[in-house]
Structure formats: C-alpha cells, structure tokens
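Data from upload-v3.txt: compact mmCIF, C-alpha atoms
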```txt
# COMPACT_ATOMS: atom_id res chain seq x y z
CA MET C 1 -11.82 -18.07 -29.07
CA GLY C 2 -8.78 -18.36 -26.77
CA ILE C 3 -8.11 -16.26 -23.67
CA LYS C 4 -5.67 -13.94 -25.49
CA GLU C 5 -8.29 -13.23 -28.15
CA GLU C 6 -10.92 -12.63 -25.46
CA LYS C 7 -8.64 -10.14 -23.73
CA ALA C 8 -7.92 -8.40 -27.03
CA ALA C 9 -11.66 -8.16 -27.74
CA VAL C 10 -12.38 -6.54 -24.35
CA ARG C 11 -9.47 -4.12 -24.81
CA ALA C 12 -10.81 -3.19 -28.26
CA GLU C 13 -14.29 -2.64 -26.82
CA MET C 14 -12.94 -0.42 -24.03
CA THR C 15 -10.84 1.57 -26.50
CA GLN C 16 -13.96 2.39 -28.52
CA PHE C 17 -15.59 4.12 -25.56
CA ARG C 18 -14.93 7.86 -25.52
CA ILE C 19 -15.33 9.94 -22.39
CA ARG C 20 -15.71 13.69 -22.74
CA PRO C 21 -13.41 15.91 -20.63
CA GLU C 22 -16.25 17.17 -18.43
CA GLU C 23 -17.45 13.58 -17.83
CA ARG C 24 -13.90 12.54 -16.96
CA ARG C 25 -13.57 15.40 -14.47
CA ALA C 26 -16.86 14.54 -12.76
CA ALA C 27 -16.15 10.79 -12.69
CA SER C 28 -12.59 11.35 -11.42
CA ALA C 29 -13.94 13.57 -8.62
CA GLY C 30 -16.41 10.81 -7.67
CA ILE C 31 -13.62 8.24 -7.57
CA ARG C 32 -11.44 10.59 -5.52
CA ASP C 33 -14.24 11.10 -2.99
CA ARG C 34 -14.81 7.33 -2.70
CA LEU C 35 -11.08 6.67 -2.32
CA VAL C 36 -10.37 9.27 0.36
CA GLY C 37 -13.50 8.11 2.19
CA LEU C 38 -12.24 4.53 2.56
CA GLU C 39 -11.06 3.40 5.98
CA CYS C 40 -7.81 2.15 4.41
CA TRP C 41 -7.01 5.65 3.06
CA LYS C 42 -6.69 7.29 6.46
CA PRO C 43 -3.78 5.20 7.88
CA ALA C 44 -1.94 4.85 4.55
CA ARG C 45 1.24 6.91 4.67
CA THR C 46 2.65 6.05 1.24
CA VAL C 47 0.37 5.71 -1.78
CA LEU C 48 1.46 4.42 -5.18
CA LEU C 49 -0.47 6.19 -7.92
CA TYR C 50 -0.25 6.14 -11.70
CA ALA C 51 0.11 9.00 -14.15
CA PRO C 52 -3.19 8.86 -16.04
CA PHE C 53 -3.73 8.67 -19.76
CA PRO C 54 -6.62 10.87 -21.01
CA ASP C 55 -8.91 7.82 -21.01
CA GLU C 56 -8.19 6.98 -17.33
CA PRO C 57 -9.42 8.50 -14.07
CA ASP C 58 -7.35 11.52 -13.06
CA THR C 59 -5.24 10.72 -10.00
CA PHE C 60 -3.56 14.13 -10.02
CA ILE C 61 -6.64 15.54 -8.25
CA LEU C 62 -6.00 13.57 -5.05
CA PRO C 63 -5.27 15.82 -2.06
CA ARG C 64 -1.57 16.60 -1.76
CA GLY C 65 0.40 17.10 1.42
CA GLU C 66 -1.10 14.49 3.72
CA LYS C 67 0.48 11.44 2.04
CA VAL C 68 3.71 10.51 0.34
CA PHE C 69 2.84 9.85 -3.30
CA CYS C 70 4.98 7.71 -5.52
CA TYR C 71 4.67 6.60 -9.13
CA PRO C 72 5.94 3.65 -11.16
CA ARG C 73 9.30 4.00 -12.89
CA TYR C 74 10.39 1.39 -15.41
CA HIS C 75 13.94 0.02 -15.74
CA ALA C 76 14.72 -2.34 -18.60
CA GLY C 77 15.82 -5.67 -17.21
CA ARG C 78 14.63 -4.85 -13.68
CA GLY C 79 10.99 -3.99 -14.25
CA TYR C 80 9.10 -1.41 -12.20
CA GLU C 81 9.99 0.39 -9.01
CA ALA C 82 8.18 3.07 -7.02
CA ALA C 83 9.72 6.53 -6.74
CA ARG C 84 8.58 9.50 -4.67
CA VAL C 85 7.13 12.47 -6.54
CA ASP C 86 6.01 15.58 -4.64
CA ASP C 87 4.82 17.48 -7.72
CA PRO C 88 3.23 15.78 -10.75
CA GLY C 89 4.96 18.42 -12.87
CA ASP C 90 8.22 16.57 -12.12
CA LEU C 91 7.10 13.49 -14.10
CA LYS C 92 8.69 12.93 -17.52
CA ARG C 93 7.77 10.63 -20.44
CA GLY C 94 9.32 7.19 -20.03
CA LYS C 95 9.99 4.22 -22.28
CA PHE C 96 6.33 3.33 -22.91
CA GLY C 97 5.18 6.94 -23.32
CA VAL C 98 3.89 7.01 -19.75
CA LEU C 99 4.74 9.85 -17.39
CA GLU C 100 7.09 8.54 -14.71
CA PRO C 101 9.53 9.79 -12.06
CA VAL C 102 12.88 11.11 -13.22
CA ALA C 103 16.03 9.11 -12.45
CA GLU C 104 16.86 11.41 -9.51
CA ALA C 105 13.55 10.74 -7.73
CA THR C 106 14.01 8.74 -4.53
CA GLU C 107 13.09 5.07 -4.80
CA VAL C 108 10.48 3.81 -2.33
CA PRO C 109 10.96 0.18 -1.28
CA ALA C 110 8.03 -2.12 -2.09
CA GLU C 111 7.42 -2.82 1.59
CA GLY C 112 7.11 0.93 2.18
CA VAL C 113 4.01 1.25 -0.02
CA ASP C 114 0.78 1.01 1.97
CA LEU C 115 -1.80 1.50 -0.75
CA ILE C 116 -1.62 0.98 -4.52
CA VAL C 117 -4.10 2.73 -6.83
CA VAL C 118 -4.21 0.55 -9.94
CA PRO C 119 -5.28 1.52 -13.47
CA GLY C 120 -6.82 -0.89 -15.95
CA MET C 121 -8.65 -1.24 -19.23
CA ALA C 122 -11.44 -3.13 -17.43
CA PHE C 123 -12.24 -4.64 -14.04
CA ASP C 124 -14.70 -7.23 -12.85
CA LYS C 125 -16.87 -7.77 -9.82
CA GLU C 126 -14.37 -10.30 -8.44
CA CYS C 127 -11.71 -7.55 -8.47
CA TYR C 128 -9.64 -8.79 -11.40
CA ARG C 129 -8.27 -6.26 -13.87
CA LEU C 130 -7.43 -6.30 -17.52
CA GLY C 131 -4.33 -4.24 -18.26
CA ARG C 132 -2.97 -2.92 -21.51
CA GLY C 133 -1.44 -6.26 -22.44
CA ARG C 134 2.28 -6.29 -21.69
CA GLY C 135 2.04 -8.04 -18.32
CA PHE C 136 4.83 -6.02 -16.67
CA TYR C 137 2.46 -4.28 -14.26
CA ASP C 138 0.82 -7.53 -13.09
CA GLN C 139 4.26 -9.01 -12.37
CA TRP C 140 5.10 -5.99 -10.27
CA LEU C 141 1.77 -6.02 -8.43
CA LEU C 142 2.58 -9.53 -7.21
CA ALA C 143 5.68 -8.17 -5.47
CA LEU C 144 3.89 -5.26 -3.77
CA PRO C 145 2.46 -6.15 -0.34
CA GLY C 146 0.23 -3.06 0.01
CA LEU C 147 -3.53 -2.95 -0.44
CA LYS C 148 -4.42 -2.83 -4.16
CA ILE C 149 -7.42 -0.83 -5.36
CA GLY C 150 -8.38 -0.62 -9.01
CA VAL C 151 -10.00 2.57 -10.26
CA GLY C 152 -11.98 3.03 -13.44
CA PHE C 153 -15.10 4.47 -14.99
CA ASP C 154 -18.51 2.81 -14.68
CA HIS C 155 -18.35 1.33 -18.18
CA GLN C 156 -15.08 -0.42 -17.25
CA LEU C 157 -16.67 -2.52 -14.49
CA LEU C 158 -17.79 -5.77 -16.12
CA ASP C 159 -19.31 -8.93 -14.71
CA LEU C 160 -16.19 -10.87 -15.68
CA VAL C 161 -12.92 -10.04 -17.43
CA PRO C 162 -10.95 -12.78 -19.18
CA ARG C 163 -8.12 -13.91 -16.96
CA GLU C 164 -5.18 -16.24 -16.77
CA PRO C 165 -3.51 -17.78 -13.72
CA HIS C 166 -0.87 -15.02 -13.57
CA ASP C 167 -3.46 -12.20 -13.44
CA VAL C 168 -3.63 -10.45 -10.07
CA GLN C 169 -6.79 -10.18 -8.00
CA LEU C 170 -7.09 -6.73 -6.41
CA ASP C 171 -8.44 -6.01 -2.93
CA GLY C 172 -11.16 -3.81 -4.36
CA VAL C 173 -12.33 -1.72 -7.29
CA LEU C 174 -13.78 1.79 -7.29
CA VAL C 175 -15.87 3.33 -10.05
CA PRO C 176 -17.87 6.54 -9.67
CA SER C 177 -21.15 4.77 -8.86
CA ARG C 178 -19.91 2.00 -6.55
CA ARG C 179 -17.20 -0.05 -4.97
CA VAL C 180 -16.64 -3.78 -5.07
CA GLY C 181 -14.47 -6.08 -3.03
CA GLY C 182 -13.40 -6.08 0.57
CA ILE C 183 -12.47 -2.42 0.85
```
Final structure tokens representation of the file:
Amino acid sequence: MGIKEEKAAVRAEMTQFRIRPEERRAASAGIRDRLVGLECWKPARTVLLYAPFPDEPDTFILPRGEKVFCYPRYHAGRGYEAARVDDPGDLKRGKFGVLEPVAEATEVPAEGVDLIVVPGMAFDKECYRLGRGRGFYDQWLLALPGLKIGVGFDHQLLDLVPREPHDVQLDGVLVPSRRVGGI
C-alpha cells in the first residue's frame, strides 16, 4: 500500500468514528482548558483559529475579548490568508463549505499571527497531522511563522500518521486527556 492509500485509510477510519454532541462539548471544554493554560497562550496577541465542523473540537468556546482572533479565508489562485473576526456569527460559507471571514474582514499579515490552532483528521505523537486531503492548509502552514498547535479528540491521536516530505510538523498537539510536543 502506498502513502496516499495509507492516508486515505486513516481518513476513512477517522470518519467512521462518531462523537455525540455532549461528548464533543465536554472534550472541547477540556481542550480549551489545556490551551488557555499553556504558557504560550498568555503572551499570544493574535490567534488563528478554524471554524469547526461538527466532528472537530469547538473553537468558538475560547474566551473572547482578550485576544485578536482570526480565521482562514481562501482565495482561488492565492491560497489562504488570515482575516480578523470579532464575532463568529460574521463567518460565512466559503468555497469548500467551510465557514470563513467575509471579504470585508481585515486581513492579518502572516507575521502578525502568534499562535495557530490547527485542525486535523488525525495527529501523531511526533506532532504530525493528517488533514482532509487537499494539501492547501499544509502549504499555508509552512508560510506561517507562529507557534502551531494541533487540536483533536483522544481517538485522533495515533502513534504514527502516514506522512510525506511536504507534511508539516506542528509544535504540539492537544487532546482532552493529554498534550504532546514541546508546548
């Protein structure tokens, strides 16, 4: 089996796992508590989040007001950029069906992002992630100098995820029961 097939198999396995709403709420709260308790959270002024799908940890529950939050916005031909969003209700469905900032939202330069909270289908103990398979997000992560922390549920933390040379190693990973990496 080649690496692409291995990645597809892990994605299929992760897709089969169903998390109930009450489990998602509890797990998301645990991740939030771990994240805001990190030493790197306190000095971070600008945090890049993601608008969660129902099978991802809820980032909308992070405390508002003390940080500038921004979200990815996709532009065909240019890729992703970060844009400031003060209220998650201002996010609209974008090209890939993901909630993202509207065109009028202020762009945040890559060097202005201190901390990036990264979604994934799976993560491993060496802080690699497996995304949804398009590769756009990994390309963008390479260009972002801020600290990168993957967040997921306990079942998404594996010993090893299949990876290729272009896959990005994160600075750490948080799941409800633990953290891994240098964070």
List as a Markdown table every residue of range 34-59 of chain C that is in contact with range 95-114 of chain C, defined as an atom at most 8 Å from one of its atoms (using all atoms listed in the file), together with the nearest atom pair and the distance in Å rounded to one decimal, sorted by chain and then rising number.
```
| residue | atom | partner | partner_atom | distance |
| --- | --- | --- | --- | --- |
| C:Ala44 | CA | C:Asp114 | CA | 5.4 |
| C:Arg45 | CA | C:Asp114 | CA | 6.5 |
| C:Thr46 | CA | C:Val113 | CA | 5.1 |
| C:Val47 | CA | C:Val113 | CA | 6.0 |
| C:Leu48 | CA | C:Val113 | CA | 6.6 |
| C:Ala51 | CA | C:Leu99 | CA | 5.7 |
| C:Phe53 | CA | C:Val98 | CA | 7.8 |
```
Atoms to include: C-alpha atoms. Write the selected residues as a short mmCIF file (atom, residue, chain, number, x, y, z; two decimals), in the coordinates of the input.
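Okay, again18.cif is ready:
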```cif
data_model
loop_
_atom_site.label_atom_id
_atom_site.label_comp_id
_atom_site.auth_asym_id
_atom_site.auth_seq_id
_atom_site.Cartn_x
_atom_site.Cartn_y
_atom_site.Cartn_z
CA ALA C 44 -1.94 4.85 4.55
CA ARG C 45 1.24 6.91 4.67
CA THR C 46 2.65 6.05 1.24
CA VAL C 47 0.37 5.71 -1.78
CA LEU C 48 1.46 4.42 -5.18
CA ALA C 51 0.11 9.00 -14.15
CA PHE C 53 -3.73 8.67 -19.76
#
```
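Minimum atom-to-atom distances from C:Pro72, C:Pro21, C:Gly94, C:Pro63 to Trp41 in chain C were compared using all atoms listed in the file, and the lowest value belongs to C:Pro63.
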Set out as a tab-separated table a contact list for range 5-24 of chain C and range 157-163 of chain C with a cut-off of 10 Å, giving each residue of range 5-24 of chain C that qualifies its closest atom pair and distance in Å to one decimal, counting all atoms listed in the file, ordered by chain and rising residue number.
```
residue	atom	partner	partner_atom	distance
C:Glu5	CA	C:Pro162	CA	9.4
C:Glu6	CA	C:Pro162	CA	6.3
C:Lys7	CA	C:Pro162	CA	5.7
C:Ala8	CA	C:Pro162	CA	9.5
C:Ala9	CA	C:Pro162	CA	9.8
C:Val10	CA	C:Val161	CA	7.8
```
(request) May I have the residues at most 12 Å from (7.1, -9.6, -8.9) in the file's coordinates, counting only C-alpha atoms, as an MDAnalysis selection string? (result) chainID C and resid 78:81 110 135:145 166:168
Hey, can you pull every residue with an atom no more than 12 Å from (-16.0, 5.1, -9.5), using all atoms listed in the file, and send it as a PDB file with C-alpha atoms, in the frame of the given file?
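Okay, result.pdb is ready:
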```
ATOM      1  CA  GLU C  23     -17.450  13.580 -17.830  1.00  0.00           C
ATOM      2  CA  ARG C  24     -13.900  12.540 -16.960  1.00  0.00           C
ATOM      3  CA  ARG C  25     -13.570  15.400 -14.470  1.00  0.00           C
ATOM      4  CA  ALA C  26     -16.860  14.540 -12.760  1.00  0.00           C
ATOM      5  CA  ALA C  27     -16.150  10.790 -12.690  1.00  0.00           C
ATOM      6  CA  SER C  28     -12.590  11.350 -11.420  1.00  0.00           C
ATOM      7  CA  ALA C  29     -13.940  13.570  -8.620  1.00  0.00           C
ATOM      8  CA  GLY C  30     -16.410  10.810  -7.670  1.00  0.00           C
ATOM      9  CA  ILE C  31     -13.620   8.240  -7.570  1.00  0.00           C
ATOM     10  CA  ARG C  32     -11.440  10.590  -5.520  1.00  0.00           C
ATOM     11  CA  ASP C  33     -14.240  11.100  -2.990  1.00  0.00           C
ATOM     12  CA  ARG C  34     -14.810   7.330  -2.700  1.00  0.00           C
ATOM     13  CA  LEU C  35     -11.080   6.670  -2.320  1.00  0.00           C
ATOM     14  CA  GLU C  56      -8.190   6.980 -17.330  1.00  0.00           C
ATOM     15  CA  PRO C  57      -9.420   8.500 -14.070  1.00  0.00           C
ATOM     16  CA  ASP C  58      -7.350  11.520 -13.060  1.00  0.00           C
ATOM     17  CA  PRO C 119      -5.280   1.520 -13.470  1.00  0.00           C
ATOM     18  CA  PHE C 123     -12.240  -4.640 -14.040  1.00  0.00           C
ATOM     19  CA  ILE C 149      -7.420  -0.830  -5.360  1.00  0.00           C
ATOM     20  CA  GLY C 150      -8.380  -0.620  -9.010  1.00  0.00           C
ATOM     21  CA  VAL C 151     -10.000   2.570 -10.260  1.00  0.00           C
ATOM     22  CA  GLY C 152     -11.980   3.030 -13.440  1.00  0.00           C
ATOM     23  CA  PHE C 153     -15.100   4.470 -14.990  1.00  0.00           C
ATOM     24  CA  ASP C 154     -18.510   2.810 -14.680  1.00  0.00           C
ATOM     25  CA  HIS C 155     -18.350   1.330 -18.180  1.00  0.00           C
ATOM     26  CA  GLN C 156     -15.080  -0.420 -17.250  1.00  0.00           C
ATOM     27  CA  LEU C 157     -16.670  -2.520 -14.490  1.00  0.00           C
ATOM     28  CA  GLY C 172     -11.160  -3.810  -4.360  1.00  0.00           C
ATOM     29  CA  VAL C 173     -12.330  -1.720  -7.290  1.00  0.00           C
ATOM     30  CA  LEU C 174     -13.780   1.790  -7.290  1.00  0.00           C
ATOM     31  CA  VAL C 175     -15.870   3.330 -10.050  1.00  0.00           C
ATOM     32  CA  PRO C 176     -17.870   6.540  -9.670  1.00  0.00           C
ATOM     33  CA  SER C 177     -21.150   4.770  -8.860  1.00  0.00           C
ATOM     34  CA  ARG C 178     -19.910   2.000  -6.550  1.00  0.00           C
ATOM     35  CA  ARG C 179     -17.200  -0.050  -4.970  1.00  0.00           C
ATOM     36  CA  VAL C 180     -16.640  -3.780  -5.070  1.00  0.00           C
TER      37      VAL C 180
END
```
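CA of Asp87 in chain C to CA of Leu38 in chain C spans 23.8 Å [interatomic distance, one decimal].
Atom pair CA of Ala83 in chain C / CA of Ile61 in chain C has a distance of 18.7 Å (rounded to one decimal).
Distances here use all atoms listed in the file; by that measure, the residue among C:Arg11, C:Arg84, C:Arg20, C:His75 closest to Gly120 in chain C is C:Arg11.
Between CA of Arg18 in chain C and CA of Asp55 in chain C the interatomic distance comes to 7.5 Å.
Here the question is which of C:Met121, C:Leu147, C:Met1, C:Val36 gets nearest to Phe17 in chain C using only C-alpha atoms, and that residue is C:Met121.
Of the listed residues (C:Asp171, C:Tyr50, C:Phe60, C:Thr15), C:Phe60 comes nearest to Gly89 in chain C; the distances count all atoms listed in the file.
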